[in-house]
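Working notes for the structure below.
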Amino acid sequence: MTKQSAANPPAPDWRIFLGDRKKKVGWEMPPPPPWRPCRAAPALAAAAAAAPPLSKGAGGKGKSYQSTPEIVRMVNAALHLRRPLLVTGGPGTGKSTLVDAVAYELGLGEPLRWSVTSRSTLREALYNYDAIGRVQYRDEKMKSDSKLEIGDFIELGPLGTAMLPAPRPRVLLIDEIDKSDIDLPNDLLNILDEGHFHIPELSRIGRGAVKVRGFGGKGQVEIVAGQVASFEFPLVILTSNGDRDFPAPFLRRCLQLRMPDPCASQERLEAIVTAHLGKAKQNASRTLIASFMQRANAGEILATDQLLNAIQMVMGGFAMGKDDKESLETCLTAALNRKLA
């Protein structure tokens, strides 16, 4: 029995993200599938700067996030397969804050975020070139001692930054993709499939390495021959409120996760309240939680942050009359599908 165990050691746990809100150290990415190889050289990834540290706000959200087994399964599948994860669900179900939970637990740094509108383009997600600023600089060059290069007029976007070579994936939130122009989803997926893009303004000048500004104007990164290629594919989480249908080619390239309704489980809803406000407030607000769940299950559209707002106000330890408490409970948990007066 001992010899057999030594010859056939148990397989390692396939899960990287456990959803237990505990920081994980010393983990490694599993090998990529044959059809998703690393695009950049390992040396470039090893030389990459570390991702910015997690902000206090993102860390707080990540630490209090309540994952479910289905959420854990699909996040890990996305990490293994290097595929985008399309997350759908009602308001307040935790679609956008999932990136904070993954970044917190796996130590992946501050998530990159791109809020999509009907005017959003793939170009702005990748990089922005301030051609007008460069022309103006040329006109003023003789009057100034400043020396600006072309890279000073180029700033990477959130997707462009996420695709820089690094030993671990950056986490990128593409929020409300259903608000985009009809062509944007497929344009995005082509870039993510290839794992690289080029900046024509840099490749045309025929130089080797050029430093450009990172997303948000923070720091500089070096681009060689105008090419940006991933070593580890970014973990891209796209959110949708279900306001539109997506084309089959887009859905084929994504993994899909339907966020569970927190009001479907009293245990999970109470755990969310406890994680944010503490056990004492959760115990004191059981009647409010039960009423909130009953209304949600009767068809009212409610979001968990409404419940948290109401508990924070009513159970906040302030001197408050009964009328104020009842009025605040009613107003702060008003159904989102009601008709406004």
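Each chain in the structure tokens gets a letter, A, B, ..., in the order shown, and its residues are numbered from 1; ligands are numbered from 1 in order too.
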Counting only C-alpha atoms, which residues of region 30-99 of chain A sit at most 9 Å from some atom of region 292-305 of chain A, and what is each one's closest atom pair with its distance in Å to one decimal, listed by chain and rising residue number, as a tab-separated table?
```
residue	atom	partner	partner_atom	distance
A:Gly90	CA	A:Ala303	CA	7.8
A:Pro91	CA	A:Ala303	CA	5.6
A:Gly92	CA	A:Ala303	CA	4.3
A:Thr93	CA	A:Ala303	CA	6.9
A:Gly94	CA	A:Thr304	CA	8.8
```
Output C-alpha atoms for every residue in the selection just made, as a PDB file, in the first residue's frame.
```
ATOM      1  CA  GLY A  90     -29.072  41.050 -11.306  1.00  0.00           C
ATOM      2  CA  PRO A  91     -27.964  44.281  -9.648  1.00  0.00           C
ATOM      3  CA  GLY A  92     -26.088  43.874  -6.393  1.00  0.00           C
ATOM      4  CA  THR A  93     -25.181  40.216  -6.947  1.00  0.00           C
ATOM      5  CA  GLY A  94     -21.426  40.850  -6.876  1.00  0.00           C
TER       6      GLY A  94
END
```
Please return, as a PDB file with N, CA and C atoms, in the first residue's frame, all residues of region 158-193 of chain A that DSSP assigns to alpha helix (DSSP H) on the basis of the backbone.
```pdb
ATOM      1  N   PRO A 158      -6.542  50.186 -20.300  1.00  0.00           N
ATOM      2  CA  PRO A 158      -6.628  49.093 -19.326  1.00  0.00           C
ATOM      3  C   PRO A 158      -6.352  47.720 -19.935  1.00  0.00           C
ATOM      4  N   LEU A 159      -6.863  47.455 -21.140  1.00  0.00           N
ATOM      5  CA  LEU A 159      -6.596  46.171 -21.784  1.00  0.00           C
ATOM      6  C   LEU A 159      -5.147  46.087 -22.246  1.00  0.00           C
ATOM      7  N   GLY A 160      -4.628  47.186 -22.794  1.00  0.00           N
ATOM      8  CA  GLY A 160      -3.238  47.206 -23.209  1.00  0.00           C
ATOM      9  C   GLY A 160      -2.300  46.949 -22.050  1.00  0.00           C
ATOM     10  N   THR A 161      -2.591  47.516 -20.894  1.00  0.00           N
ATOM     11  CA  THR A 161      -1.771  47.300 -19.709  1.00  0.00           C
ATOM     12  C   THR A 161      -1.892  45.859 -19.215  1.00  0.00           C
ATOM     13  N   ALA A 162      -3.104  45.315 -19.257  1.00  0.00           N
ATOM     14  CA  ALA A 162      -3.317  43.936 -18.797  1.00  0.00           C
ATOM     15  C   ALA A 162      -2.558  42.933 -19.658  1.00  0.00           C
ATOM     16  N   LEU A 184     -18.051  45.788 -30.758  1.00  0.00           N
ATOM     17  CA  LEU A 184     -16.968  45.774 -29.782  1.00  0.00           C
ATOM     18  C   LEU A 184     -16.706  44.403 -29.165  1.00  0.00           C
ATOM     19  N   PRO A 185     -17.727  43.624 -28.778  1.00  0.00           N
ATOM     20  CA  PRO A 185     -17.423  42.322 -28.165  1.00  0.00           C
ATOM     21  C   PRO A 185     -16.536  41.436 -29.033  1.00  0.00           C
ATOM     22  N   ASN A 186     -16.859  41.320 -30.326  1.00  0.00           N
ATOM     23  CA  ASN A 186     -16.036  40.483 -31.193  1.00  0.00           C
ATOM     24  C   ASN A 186     -14.655  41.087 -31.428  1.00  0.00           C
ATOM     25  N   ASP A 187     -14.568  42.411 -31.505  1.00  0.00           N
ATOM     26  CA  ASP A 187     -13.254  43.049 -31.651  1.00  0.00           C
ATOM     27  C   ASP A 187     -12.370  42.725 -30.450  1.00  0.00           C
ATOM     28  N   LEU A 188     -12.944  42.766 -29.265  1.00  0.00           N
ATOM     29  CA  LEU A 188     -12.191  42.448 -28.055  1.00  0.00           C
ATOM     30  C   LEU A 188     -11.705  41.005 -28.063  1.00  0.00           C
ATOM     31  N   LEU A 189     -12.588  40.098 -28.454  1.00  0.00           N
ATOM     32  CA  LEU A 189     -12.245  38.692 -28.400  1.00  0.00           C
ATOM     33  C   LEU A 189     -11.144  38.337 -29.382  1.00  0.00           C
ATOM     34  N   ASN A 190     -11.070  39.022 -30.516  1.00  0.00           N
ATOM     35  CA  ASN A 190      -9.985  38.764 -31.465  1.00  0.00           C
ATOM     36  C   ASN A 190      -8.640  39.097 -30.845  1.00  0.00           C
ATOM     37  N   ILE A 191      -8.574  40.225 -30.135  1.00  0.00           N
ATOM     38  CA  ILE A 191      -7.329  40.608 -29.463  1.00  0.00           C
ATOM     39  C   ILE A 191      -6.983  39.605 -28.368  1.00  0.00           C
ATOM     40  N   LEU A 192      -7.960  39.215 -27.583  1.00  0.00           N
ATOM     41  CA  LEU A 192      -7.710  38.281 -26.493  1.00  0.00           C
ATOM     42  C   LEU A 192      -7.339  36.896 -27.008  1.00  0.00           C
ATOM     43  N   ASP A 193      -7.880  36.515 -28.159  1.00  0.00           N
ATOM     44  CA  ASP A 193      -7.505  35.239 -28.767  1.00  0.00           C
ATOM     45  C   ASP A 193      -6.041  35.240 -29.183  1.00  0.00           C
TER      46      ASP A 193
END
```
If we count only C-alpha atoms and set the cut-off at 7 Å, which residues sit around Lys23 (chain A), ignoring sequence neighbours fewer than 5 positions away in its own chain? Please answer as an MDAnalysis selection string. chainID A and resid 104:107
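Reported to one decimal place, the separation of CA of Ser240 (chain A) from CA of Leu269 (chain A) is 22.0 Å.
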Sort by chain and increasing residue number a table of all residues of region 191-306 of chain A within 10 Å of region 109-133 of chain A, each with its closest pair of atoms and their distance in Å to one decimal, counting only C-alpha atoms, and write it as a tab-separated table.
```
residue	atom	partner	partner_atom	distance
A:Ile191	CA	A:Leu122	CA	9.1
A:Phe197	CA	A:Leu126	CA	8.3
A:His198	CA	A:Leu126	CA	9.3
A:Ile199	CA	A:Tyr127	CA	8.0
A:Glu201	CA	A:Tyr129	CA	8.0
A:Val212	CA	A:Tyr127	CA	9.8
A:Arg213	CA	A:Tyr127	CA	9.6
A:Gly214	CA	A:Tyr127	CA	9.2
A:Phe215	CA	A:Tyr127	CA	8.3
A:Val228	CA	A:Leu126	CA	9.8
A:Leu235	CA	A:Pro111	CA	9.8
A:Val236	CA	A:Leu112	CA	9.4
A:Ile237	CA	A:Arg113	CA	9.7
A:Leu238	CA	A:Trp114	CA	9.6
A:Thr239	CA	A:Ser115	CA	9.8
```
Using only C-alpha atoms, which of A:Ile150, A:Leu173, A:Ala101, A:Leu255 sits nearest Ala209 (chain A)?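 Comparing A:Ile150, A:Leu173, A:Ala101, A:Leu255 against Ala209 (chain A), the winner is A:Ile150.
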Residue neighbourhood Ala280 (chain A), 12 Å, only C-alpha atoms, exclusion window fewer than 2 positions, as a list in words: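 Skipping anything fewer than 2 positions along the chain leaves Glu270, Val273, Thr274, Ala275, His276, Leu277, Gly278, Gln282, Asn283, Ala284, Ser285, Arg286, Ile311, Gln312, Met315, Gly316 and Gly317 of chain A.
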Return as number ranges by chain the full set of residues in region 101-258 of chain A whose backbone-based DSSP assignment is strand (DSSP E). A: 112-115, 127-129, 154-156, 171-175, 196-198, 209-213, 220-224, 227-229, 235-240, 255-258
Option closest in space to Gln306 (chain A), from A:His80, A:Leu288, A:Leu202, A:Val99 [counting only C-alpha atoms]: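 Closest to Gln306 (chain A) of all the choices is A:Leu288.
The closest residue to Phe153 (chain A), picked from A:Val25, A:Cys254, A:Leu44, A:Val210 and counting only C-alpha atoms, is A:Val210.
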